[in-house]
$ cat data19.cif   # mmCIF, C-alpha atoms
data_entry
#
loop_
_atom_site.group_PDB
_atom_site.id
_atom_site.type_symbol
_atom_site.label_atom_id
_atom_site.label_comp_id
_atom_site.auth_asym_id
_atom_site.auth_seq_id
_atom_site.Cartn_x
_atom_site.Cartn_y
_atom_site.Cartn_z
ATOM 1 C CA THR A 1 -20.510 -91.124 -90.784
ATOM 2 C CA ILE A 2 -17.762 -88.913 -89.336
ATOM 3 C CA THR A 3 -16.856 -85.844 -91.371
ATOM 4 C CA VAL A 4 -13.629 -83.912 -90.733
ATOM 5 C CA THR A 5 -12.916 -80.606 -92.449
ATOM 6 C CA GLY A 6 -9.489 -79.003 -92.423
ATOM 7 C CA SER A 7 -5.948 -80.102 -91.707
ATOM 8 C CA LEU A 8 -3.132 -78.998 -89.418
ATOM 9 C CA THR A 9 0.310 -77.778 -90.403
ATOM 10 C CA ALA A 10 3.370 -78.702 -88.339
ATOM 11 C CA PHE A 11 3.395 -77.085 -84.904
ATOM 12 C CA SER A 12 6.440 -75.357 -83.465
ATOM 13 C CA SER A 13 7.350 -73.919 -80.080
ATOM 14 C CA CYS A 14 10.207 -73.141 -77.763
ATOM 15 C CA GLN A 15 11.187 -75.601 -75.045
ATOM 16 C CA SER A 16 8.635 -75.875 -72.203
ATOM 17 C CA THR A 17 6.144 -73.636 -74.013
ATOM 18 C CA ALA A 18 2.917 -74.757 -75.671
ATOM 19 C CA SER A 19 2.582 -73.989 -79.373
ATOM 20 C CA ALA A 20 0.033 -71.708 -80.995
ATOM 21 C CA GLN A 21 -3.304 -73.389 -81.592
ATOM 22 C CA GLN A 22 -4.788 -74.567 -84.892
ATOM 23 C CA SER A 23 -8.242 -75.923 -85.579
ATOM 24 C CA PHE A 24 -10.391 -78.260 -87.651
ATOM 25 C CA THR A 25 -14.057 -79.148 -87.579
ATOM 26 C CA VAL A 26 -15.754 -82.471 -87.024
ATOM 27 C CA ALA A 27 -19.367 -83.568 -87.464
ATOM 28 C CA GLY A 28 -21.288 -86.827 -87.291
ATOM 29 C CA SER A 29 -24.391 -88.276 -88.910
ATOM 30 C CA TYR A 30 -26.206 -91.607 -88.671
ATOM 31 C CA LEU A 31 -24.142 -92.431 -85.559
ATOM 32 C CA THR A 32 -25.109 -95.083 -83.037
ATOM 33 C CA ALA A 33 -22.653 -93.889 -80.369
ATOM 34 C CA ASN A 34 -20.982 -90.704 -79.206
ATOM 35 C CA LEU A 35 -18.097 -89.177 -81.160
ATOM 36 C CA VAL A 36 -14.735 -89.321 -79.350
ATOM 37 C CA ILE A 37 -11.777 -87.082 -80.257
ATOM 38 C CA THR A 38 -8.413 -88.323 -78.925
ATOM 39 C CA PRO A 39 -5.020 -86.604 -79.288
ATOM 40 C CA PRO A 40 -1.716 -88.519 -79.455
ATOM 41 C CA THR A 41 0.963 -88.104 -76.798
ATOM 42 C CA GLY A 42 2.472 -84.623 -76.827
ATOM 43 C CA TYR A 43 -0.611 -82.816 -78.102
ATOM 44 C CA GLU A 44 -3.635 -81.173 -76.483
ATOM 45 C CA ILE A 45 -7.145 -80.436 -77.693
ATOM 46 C CA SER A 46 -10.044 -78.247 -76.633
ATOM 47 C CA THR A 47 -13.472 -77.137 -77.856
ATOM 48 C CA THR A 48 -12.750 -73.588 -76.644
ATOM 49 C CA SER A 49 -10.339 -71.257 -78.413
ATOM 50 C CA GLY A 50 -7.452 -70.256 -76.169
ATOM 51 C CA SER A 51 -8.359 -72.307 -73.097
ATOM 52 C CA GLY A 52 -9.436 -75.666 -71.772
ATOM 53 C CA PHE A 53 -6.640 -77.625 -73.420
ATOM 54 C CA GLY A 54 -5.888 -81.113 -72.171
ATOM 55 C CA THR A 55 -4.303 -84.357 -73.268
ATOM 56 C CA GLY A 56 -7.425 -86.415 -72.631
ATOM 57 C CA ALA A 57 -10.153 -87.361 -75.077
ATOM 58 C CA ILE A 58 -13.148 -85.123 -75.775
ATOM 59 C CA THR A 59 -16.580 -86.756 -76.132
ATOM 60 C CA LEU A 60 -19.180 -85.113 -78.348
ATOM 61 C CA THR A 61 -22.614 -86.464 -77.528
ATOM 62 C CA GLN A 62 -24.746 -87.560 -80.465
ATOM 63 C CA SER A 63 -28.445 -86.793 -80.529
ATOM 64 C CA GLY A 64 -30.609 -88.806 -82.871
ATOM 65 C CA GLY A 65 -27.418 -90.024 -84.535
ATOM 66 C CA THR A 66 -26.137 -86.529 -85.225
ATOM 67 C CA VAL A 67 -23.237 -84.483 -83.868
ATOM 68 C CA ALA A 68 -23.386 -80.878 -85.006
ATOM 69 C CA THR A 69 -20.320 -79.395 -86.657
ATOM 70 C CA THR A 70 -17.872 -78.666 -83.840
ATOM 71 C CA THR A 71 -14.567 -76.830 -83.964
ATOM 72 C CA ILE A 72 -11.685 -78.698 -82.342
ATOM 73 C CA TYR A 73 -8.680 -76.618 -81.311
ATOM 74 C CA ALA A 74 -5.335 -78.391 -81.146
ATOM 75 C CA ARG A 75 -1.838 -77.472 -80.048
ATOM 76 C CA MET A 76 1.482 -79.061 -79.180
ATOM 77 C CA ALA A 77 1.815 -79.339 -75.401
ATOM 78 C CA ALA A 78 4.618 -77.645 -73.448
ATOM 79 C CA GLN A 79 7.499 -80.113 -73.355
ATOM 80 C CA ALA A 80 11.266 -80.438 -73.432
ATOM 81 C CA SER A 81 11.674 -82.111 -76.836
ATOM 82 C CA SER A 82 9.812 -82.672 -80.075
ATOM 83 C CA PRO A 83 6.961 -85.201 -79.834
ATOM 84 C CA THR A 84 6.421 -88.079 -82.232
ATOM 85 C CA ALA A 85 4.134 -87.313 -85.162
ATOM 86 C CA GLY A 86 0.731 -88.984 -84.968
ATOM 87 C CA ASN A 87 -2.990 -88.575 -85.479
ATOM 88 C CA ILE A 88 -5.850 -86.973 -83.624
ATOM 89 C CA THR A 89 -8.425 -89.733 -83.970
ATOM 90 C CA CYS A 90 -12.149 -89.141 -84.411
ATOM 91 C CA THR A 91 -14.001 -92.346 -83.568
ATOM 92 C CA SER A 92 -17.498 -93.623 -82.968
ATOM 93 C CA THR A 93 -18.569 -97.251 -82.630
ATOM 94 C CA GLY A 94 -19.629 -98.581 -86.020
ATOM 95 C CA ALA A 95 -18.290 -95.587 -87.987
ATOM 96 C CA THR A 96 -15.086 -95.304 -89.991
ATOM 97 C CA THR A 97 -12.392 -93.556 -87.953
ATOM 98 C CA GLN A 98 -11.173 -90.227 -89.319
ATOM 99 C CA ASN A 99 -7.648 -89.043 -88.565
ATOM 100 C CA VAL A 100 -6.148 -85.558 -88.429
ATOM 101 C CA ALA A 101 -2.365 -85.735 -88.764
ATOM 102 C CA VAL A 102 -0.218 -83.790 -86.281
ATOM 103 C CA SER A 103 3.507 -83.173 -86.072
ATOM 104 C CA GLY A 104 5.703 -80.588 -84.443
ATOM 105 C CA SER A 105 9.147 -79.483 -83.395
ATOM 106 C CA VAL A 106 10.465 -78.013 -80.144
ATOM 107 C CA THR A 107 13.372 -75.577 -80.196
ATOM 108 C CA SER A 108 15.733 -75.831 -77.244
ATOM 109 C CA VAL A 109 16.168 -72.668 -75.196
ATOM 110 C CA VAL A 110 19.696 -71.986 -73.970
ATOM 111 C CA LEU A 111 19.539 -69.616 -71.020
ATOM 112 C CA PRO A 112 22.527 -67.297 -70.545
ATOM 113 C CA PRO A 113 24.905 -67.842 -67.621
ATOM 114 C CA ASN A 114 23.957 -65.638 -64.692
ATOM 115 C CA LEU A 115 25.616 -64.520 -61.456
ATOM 116 C CA THR A 116 23.791 -62.568 -58.748
ATOM 117 C CA ILE A 117 24.693 -60.891 -55.473
ATOM 118 C CA PRO A 118 21.311 -60.439 -53.753
ATOM 119 C CA SER A 119 22.693 -58.200 -50.975
ATOM 120 C CA PRO A 120 24.662 -56.519 -49.655
ATOM 121 C CA THR A 121 26.824 -55.264 -52.536
ATOM 122 C CA THR A 122 28.844 -53.062 -50.184
ATOM 123 C CA LEU A 123 30.536 -54.050 -46.923
ATOM 124 C CA SER A 124 32.015 -51.467 -44.572
ATOM 125 C CA GLY A 125 33.233 -51.286 -40.999
ATOM 126 C CA PHE A 126 36.395 -53.343 -41.441
ATOM 127 C CA THR A 127 38.632 -51.665 -38.873
ATOM 128 C CA TYR A 128 41.254 -52.209 -36.196
ATOM 129 C CA GLY A 129 44.030 -50.359 -34.406
ATOM 130 C CA VAL A 130 47.648 -50.482 -35.564
ATOM 131 C CA GLY A 131 49.386 -53.511 -34.101
ATOM 132 C CA ASN A 132 46.210 -55.522 -33.985
ATOM 133 C CA GLY A 133 44.144 -57.192 -36.667
ATOM 134 C CA PRO A 134 42.824 -58.775 -38.628
ATOM 135 C CA SER A 135 39.501 -56.960 -38.631
ATOM 136 C CA ARG A 136 36.137 -58.406 -37.795
ATOM 137 C CA ILE A 137 34.867 -60.800 -40.492
ATOM 138 C CA LYS A 138 31.906 -59.789 -42.664
ATOM 139 C CA SER A 139 30.201 -61.681 -45.474
ATOM 140 C CA PHE A 140 27.989 -61.433 -48.539
ATOM 141 C CA SER A 141 26.320 -64.109 -50.665
ATOM 142 C CA PHE A 142 26.009 -64.894 -54.358
ATOM 143 C CA THR A 143 24.291 -67.443 -56.581
ATOM 144 C CA GLY A 144 24.856 -68.702 -60.114
ATOM 145 C CA GLN A 145 22.593 -70.278 -62.738
ATOM 146 C CA ASN A 146 23.036 -71.759 -66.222
ATOM 147 C CA LEU A 147 26.812 -71.771 -65.766
ATOM 148 C CA THR A 148 29.177 -73.567 -68.130
ATOM 149 C CA ASP A 149 32.487 -72.937 -66.363
ATOM 150 C CA THR A 150 34.129 -72.574 -62.949
ATOM 151 C CA VAL A 151 33.144 -69.590 -60.818
ATOM 152 C CA ARG A 152 36.109 -67.472 -59.734
ATOM 153 C CA VAL A 153 36.017 -65.181 -56.688
ATOM 154 C CA SER A 154 38.906 -62.719 -56.766
ATOM 155 C CA ILE A 155 39.958 -59.565 -54.960
ATOM 156 C CA THR A 156 41.973 -56.644 -56.329
ATOM 157 C CA THR A 157 44.128 -55.969 -53.269
ATOM 158 C CA THR A 158 46.551 -57.585 -50.862
ATOM 159 C CA ASN A 159 45.067 -55.596 -47.974
ATOM 160 C CA PHE A 160 41.846 -57.597 -47.767
ATOM 161 C CA GLU A 161 41.491 -61.353 -47.593
ATOM 162 C CA ILE A 162 38.533 -63.487 -48.688
ATOM 163 C CA SER A 163 37.456 -67.076 -48.055
ATOM 164 C CA LEU A 164 34.554 -69.475 -48.516
ATOM 165 C CA ASP A 165 35.046 -70.566 -44.906
ATOM 166 C CA SER A 166 34.804 -68.073 -42.056
ATOM 167 C CA LEU A 167 37.703 -69.673 -40.191
ATOM 168 C CA THR A 168 40.283 -70.776 -42.772
ATOM 169 C CA GLY A 169 41.349 -70.600 -46.390
ATOM 170 C CA TYR A 170 41.753 -66.828 -46.731
ATOM 171 C CA VAL A 171 43.384 -65.506 -49.924
ATOM 172 C CA SER A 172 44.285 -62.084 -51.311
ATOM 173 C CA SER A 173 45.033 -60.837 -54.832
ATOM 174 C CA THR A 174 48.379 -62.658 -54.850
ATOM 175 C CA THR A 175 47.140 -66.016 -53.562
ATOM 176 C CA GLY A 176 43.639 -66.261 -55.098
ATOM 177 C CA PRO A 177 41.266 -66.590 -56.731
ATOM 178 C CA LEU A 178 38.826 -68.853 -54.943
ATOM 179 C CA LYS A 179 37.206 -71.354 -57.319
ATOM 180 C CA ILE A 180 33.809 -73.064 -57.217
ATOM 181 C CA ALA A 181 32.672 -75.785 -59.622
ATOM 182 C CA PRO A 182 28.972 -75.499 -60.589
ATOM 183 C CA VAL A 183 26.787 -78.570 -60.164
ATOM 184 C CA ALA A 184 24.394 -79.078 -63.095
ATOM 185 C CA GLY A 185 25.105 -75.489 -64.111
ATOM 186 C CA SER A 186 24.250 -73.962 -60.747
ATOM 187 C CA VAL A 187 25.970 -72.611 -57.674
ATOM 188 C CA PRO A 188 23.544 -72.411 -54.732
ATOM 189 C CA THR A 189 23.612 -69.488 -52.327
ATOM 190 C CA THR A 190 27.260 -69.273 -51.299
ATOM 191 C CA LYS A 191 28.811 -67.008 -48.680
ATOM 192 C CA VAL A 192 32.060 -65.125 -49.257
ATOM 193 C CA TYR A 193 33.813 -64.038 -46.068
ATOM 194 C CA ALA A 194 36.086 -60.981 -46.000
ATOM 195 C CA ARG A 195 38.414 -59.332 -43.535
ATOM 196 C CA LEU A 196 41.015 -56.571 -43.469
ATOM 197 C CA LYS A 197 44.252 -58.443 -42.969
ATOM 198 C CA ALA A 198 46.548 -57.968 -39.995
ATOM 199 C CA GLY A 199 49.752 -55.938 -39.992
ATOM 200 C CA LEU A 200 48.649 -52.915 -42.028
ATOM 201 C CA THR A 201 49.726 -49.346 -41.431
ATOM 202 C CA ALA A 202 47.322 -46.677 -40.233
ATOM 203 C CA SER A 203 45.202 -45.105 -42.965
ATOM 204 C CA SER A 204 41.664 -43.780 -43.392
ATOM 205 C CA THR A 205 41.825 -43.886 -47.214
ATOM 206 C CA ALA A 206 44.124 -46.693 -48.400
ATOM 207 C CA TYR A 207 41.657 -49.489 -47.749
ATOM 208 C CA LEU A 208 38.523 -48.026 -49.315
ATOM 209 C CA ALA A 209 36.481 -49.282 -52.301
ATOM 210 C CA LYS A 210 38.353 -52.555 -52.804
ATOM 211 C CA LYS A 211 36.558 -54.908 -55.176
ATOM 212 C CA VAL A 212 35.636 -58.556 -54.809
ATOM 213 C CA THR A 213 34.740 -59.796 -58.291
ATOM 214 C CA ILE A 214 32.769 -62.956 -59.041
ATOM 215 C CA SER A 215 33.102 -64.176 -62.606
ATOM 216 C CA SER A 216 32.457 -67.152 -64.858
ATOM 217 C CA THR A 217 32.791 -67.612 -68.610
ATOM 218 C CA GLY A 218 29.830 -66.099 -70.457
ATOM 219 C CA ALA A 219 28.294 -64.470 -67.376
ATOM 220 C CA THR A 220 28.348 -60.793 -66.485
ATOM 221 C CA SER A 221 30.689 -60.400 -63.535
ATOM 222 C CA VAL A 222 29.281 -59.090 -60.252
ATOM 223 C CA VAL A 223 31.148 -57.039 -57.671
ATOM 224 C CA ASP A 224 31.001 -56.457 -53.944
ATOM 225 C CA THR A 225 32.894 -53.427 -52.613
ATOM 226 C CA LEU A 226 34.790 -53.392 -49.304
ATOM 227 C CA TYR A 227 35.655 -50.399 -47.110
ATOM 228 C CA GLY A 228 38.135 -50.486 -44.226
ATOM 229 C CA THR A 229 40.375 -48.331 -42.045
ATOM 230 C CA VAL A 230 43.320 -48.889 -39.750
ATOM 231 C CA PHE A 231 43.668 -46.309 -37.006
ATOM 232 C CA THR A 232 46.383 -45.337 -34.560
ATOM 233 C CA PRO A 233 45.135 -46.093 -31.053
ATOM 234 C CA THR A 234 44.905 -43.097 -28.754
ATOM 235 C CA ILE A 235 47.074 -43.457 -25.669
ATOM 236 C CA THR A 236 45.649 -41.799 -22.603
#

$ encode --input "data19.cif" --output "structure tokens"
Amino acid sequence: TITVTGSLTAFSSCQSTASAQQSFTVAGSYLTANLVITPPTGYEISTTSGSGFGTGAITLTQSGGTVATTTIYARMAAQASSPTAGNITCTSTGATTQNVAVSGSVTSVVLPPNLTIPSPTTLSGFTYGVGNGPSRIKSFSFTGQNLTDTVRVSITTTNFEISLDSLTGYVSSTTGPLKIAPVAGSVPTTKVYARLKAGLTASSTAYLAKKVTISSTGATSVVDTLYGTVFTPTIT
């Protein structure tokens, strides 16, 4: 005879997270074989509270036909969607199977769109002498995750130019922004190249703290700041 005491209420969890555990007890008497506890797909069991959970069967060894009262801990496994309801089966050859019903629901987790500039968030040293230019090219990188819309890379000035290619495709505030379509919600590490454009007048202040802004719907925009100067060459 297999005796089960207790029942389980519906489990619940967030996506990719195991549920809280519940428990019932099982015992056996007048058995001729071991007692086997088997969970359905999507559920895990253990004989230890808080650990040891697995999707495989647990065998309780009978001694003289008896299995002492044993607590079985059960939980819904970490998964992406709600599993099918079923039964944890308690079986032993020659005995009537006892079932413990299980069901559960998984709540989808929607992660917020995110943009990141790992480093650097400031670029300086863009410089050249009047009549020359453009300046030396410098770059920074950004990434995006959980995005739902195009990423836009824009600059607030006509004095600097930016591109996604170090050699071509440079734009300023009047010809941008640069646009990047996420793939499966992500933009991998992407370089943005910047330069102080040619033909500017001499100044040590006019080309400071110019912002490159990276934005996408729902994400907090991130900014890289550019500093440049154009000097008058000294004639000796």

$ residues_near_point --input "data19.cif" --point "(18.0, -73.0, -72.6)" --cutoff "12 Å" --atoms "all atoms listed in the file" --output "MDAnalysis selection string"
chainID A and resid 14:17 80:81 106:113 145:147 185

$ axis_aligned_box --input "data19.cif" --around "region 15-23 of chain A" --padding-each-side "5 Å" --output "JSON"
{"center_x": 1.5, "center_y": -73.8, "center_z": -78.9, "size_x": 29.4, "size_y": 14.2, "size_z": 23.4}

$ resolve_selection --input "data19.cif" --expression "the PyMOL selection byres ((chain A and resi 48) around 10)" --output "VMD selection string"
chain A and resid 45 to 47 49 to 53 71 to 74

$ resolve_selection --input "data19.cif" --expression "the PyMOL selection byres ((chain A and resi 207) around 10)" --output "PyMOL selection string"
chain A and resi 126-127+157-160+196+200+202-206+208-210+226-230

$ closest_residue --input "data19.cif" --among "A:Gly94, A:Pro83, A:Gly199, A:Pro182" --to "Leu115 (chain A)" --atoms "all atoms listed in the file"
A:Pro182

$ residues_around --input "data19.cif" --residues "Ser19 (chain A)" --least-positions-apart "5" --cutoff "9 Å" --atoms "only C-alpha atoms" --output "list in words"
Phe11, Ser12, Ser13, Cys14, Arg75, Met76, Ala77, Ala78, Gly104 and Val106 of chain A

$ resolve_selection --input "data19.cif" --expression "the PyMOL selection byres ((chain A and resi 9) around 9)" --output "PDB file with C-alpha atoms, in the frame of the given file"
ATOM      1  CA  SER A   7      -5.948 -80.102 -91.707  1.00  0.00           C
ATOM      2  CA  LEU A   8      -3.132 -78.998 -89.418  1.00  0.00           C
ATOM      3  CA  ALA A  10       3.370 -78.702 -88.339  1.00  0.00           C
ATOM      4  CA  PHE A  11       3.395 -77.085 -84.904  1.00  0.00           C
ATOM      5  CA  GLN A  22      -4.788 -74.567 -84.892  1.00  0.00           C
ATOM      6  CA  ALA A 101      -2.365 -85.735 -88.764  1.00  0.00           C
ATOM      7  CA  VAL A 102      -0.218 -83.790 -86.281  1.00  0.00           C
ATOM      8  CA  SER A 103       3.507 -83.173 -86.072  1.00  0.00           C
ATOM      9  CA  GLY A 104       5.703 -80.588 -84.443  1.00  0.00           C
TER      10      GLY A 104
END

$ closest_residue --input "data19.cif" --among "A:Ile155, A:Ala184, A:Val130, A:Leu167" --to "Thr232 (chain A)" --atoms "all atoms listed in the file"
A:Val130

$ closest_residue --input "data19.cif" --among "A:Ala20, A:Leu35, A:Ala95, A:Ile117" --to "Thr1 (chain A)" --atoms "only C-alpha atoms"
A:Ala95

$ closest_atom_pairs --input "data19.cif" --of "region 78-148 of chain A" --to "region 54-64 of chain A" --cutoff "12 Å" --atoms "only C-alpha atoms" --output "CSV"
residue,atom,partner,partner_atom,distance
A:Ala78,CA,A:Gly54,CA,11.1
A:Ile88,CA,A:Ala57,CA,9.6
A:Thr89,CA,A:Ala57,CA,9.4
A:Cys90,CA,A:Ile58,CA,9.6
A:Thr91,CA,A:Thr59,CA,9.7
A:Ser92,CA,A:Thr59,CA,9.7
A:Thr93,CA,A:Gln62,CA,11.7

$ atom_distance --input "data19.cif" --atom1 "CA of Leu164 (chain A)" --atom2 "CA of Ile137 (chain A)"
11.8 Å

$ closest_residue --input "data19.cif" --among "A:Ile180, A:Ala27, A:Ala198, A:Val100" --to "Gly131 (chain A)" --atoms "only C-alpha atoms"
A:Ala198

$ closest_residue --input "data19.cif" --among "A:Asn132, A:Ser221, A:Ser172, A:Thr84" --to "Arg152 (chain A)" --atoms "only C-alpha atoms"
A:Ser221

$ closest_residue --input "data19.cif" --among "A:Leu31, A:Val36, A:Val222, A:Val26" --to "Gly65 (chain A)" --atoms "all atoms listed in the file"
A:Leu31

$ build_atoms --input "data19.cif" --residues "region 116-126 of chain A" --atoms "all heavy atoms" --output "CSV table (one decimal), keeping the file's coordinate frame"
chain,number,residue,atom,x,y,z
A,116,THR,N,24.6,-63.6,-59.5
A,116,THR,CA,23.8,-62.6,-58.7
A,116,THR,C,24.3,-62.4,-57.3
A,116,THR,O,24.6,-63.4,-56.7
A,116,THR,CB,22.3,-63.0,-58.7
A,116,THR,OG1,21.8,-63.2,-60.0
A,116,THR,CG2,21.5,-61.9,-58.0
A,117,ILE,N,24.5,-61.2,-56.9
A,117,ILE,CA,24.7,-60.9,-55.5
A,117,ILE,C,23.4,-60.3,-55.0
A,117,ILE,O,23.1,-59.1,-55.3
A,117,ILE,CB,25.9,-59.9,-55.3
A,117,ILE,CG1,27.2,-60.6,-55.8
A,117,ILE,CG2,26.0,-59.6,-53.8
A,117,ILE,CD1,28.4,-59.6,-55.7
A,118,PRO,N,22.6,-61.0,-54.2
A,118,PRO,CA,21.3,-60.4,-53.8
A,118,PRO,C,21.5,-59.2,-52.9
A,118,PRO,O,20.9,-58.2,-53.1
A,118,PRO,CB,20.7,-61.6,-53.0
A,118,PRO,CG,21.3,-62.8,-53.5
A,118,PRO,CD,22.7,-62.4,-53.8
A,119,SER,N,22.4,-59.3,-51.9
A,119,SER,CA,22.7,-58.2,-51.0
A,119,SER,C,23.6,-58.7,-49.9
A,119,SER,O,23.6,-59.9,-49.6
A,119,SER,CB,21.4,-57.6,-50.3
A,119,SER,OG,20.8,-58.6,-49.5
A,120,PRO,N,24.4,-57.9,-49.2
A,120,PRO,CA,24.7,-56.5,-49.7
A,120,PRO,C,25.7,-56.5,-50.7
A,120,PRO,O,26.5,-57.4,-50.9
A,120,PRO,CB,25.2,-55.9,-48.4
A,120,PRO,CG,25.9,-57.0,-47.7
A,120,PRO,CD,25.1,-58.3,-48.0
A,121,THR,N,25.8,-55.4,-51.5
A,121,THR,CA,26.8,-55.3,-52.5
A,121,THR,C,27.9,-54.3,-52.1
A,121,THR,O,28.9,-54.1,-52.8
A,121,THR,CB,26.2,-54.7,-53.8
A,121,THR,OG1,25.5,-53.5,-53.6
A,121,THR,CG2,25.3,-55.7,-54.5
A,122,THR,N,27.8,-53.9,-50.8
A,122,THR,CA,28.8,-53.1,-50.2
A,122,THR,C,29.0,-53.5,-48.7
A,122,THR,O,28.0,-53.7,-48.0
A,122,THR,CB,28.5,-51.6,-50.2
A,122,THR,OG1,28.4,-51.1,-51.6
A,122,THR,CG2,29.5,-50.7,-49.5
A,123,LEU,N,30.2,-53.7,-48.3
A,123,LEU,CA,30.5,-54.0,-46.9
A,123,LEU,C,31.5,-53.0,-46.4
A,123,LEU,O,32.5,-52.7,-47.0
A,123,LEU,CB,31.2,-55.4,-46.8
A,123,LEU,CG,30.3,-56.7,-47.2
A,123,LEU,CD1,31.1,-57.9,-47.1
A,123,LEU,CD2,29.1,-56.7,-46.3
A,124,SER,N,31.2,-52.5,-45.2
A,124,SER,CA,32.0,-51.5,-44.6
A,124,SER,C,32.2,-51.8,-43.1
A,124,SER,O,31.7,-52.8,-42.6
A,124,SER,CB,31.4,-50.1,-44.7
A,124,SER,OG,30.1,-50.0,-44.1
A,125,GLY,N,33.0,-51.0,-42.4
A,125,GLY,CA,33.2,-51.3,-41.0
A,125,GLY,C,34.4,-52.2,-40.7
A,125,GLY,O,34.5,-52.7,-39.6
A,126,PHE,N,35.2,-52.6,-41.7
A,126,PHE,CA,36.4,-53.3,-41.4
A,126,PHE,C,37.4,-52.4,-40.8
A,126,PHE,O,37.9,-51.5,-41.4
A,126,PHE,CB,37.0,-53.9,-42.7
A,126,PHE,CG,36.1,-54.9,-43.5
A,126,PHE,CD1,35.3,-54.4,-44.5
A,126,PHE,CD2,36.0,-56.2,-43.1
A,126,PHE,CE1,34.5,-55.3,-45.2
A,126,PHE,CE2,35.2,-57.1,-43.8
A,126,PHE,CZ,34.4,-56.6,-44.8
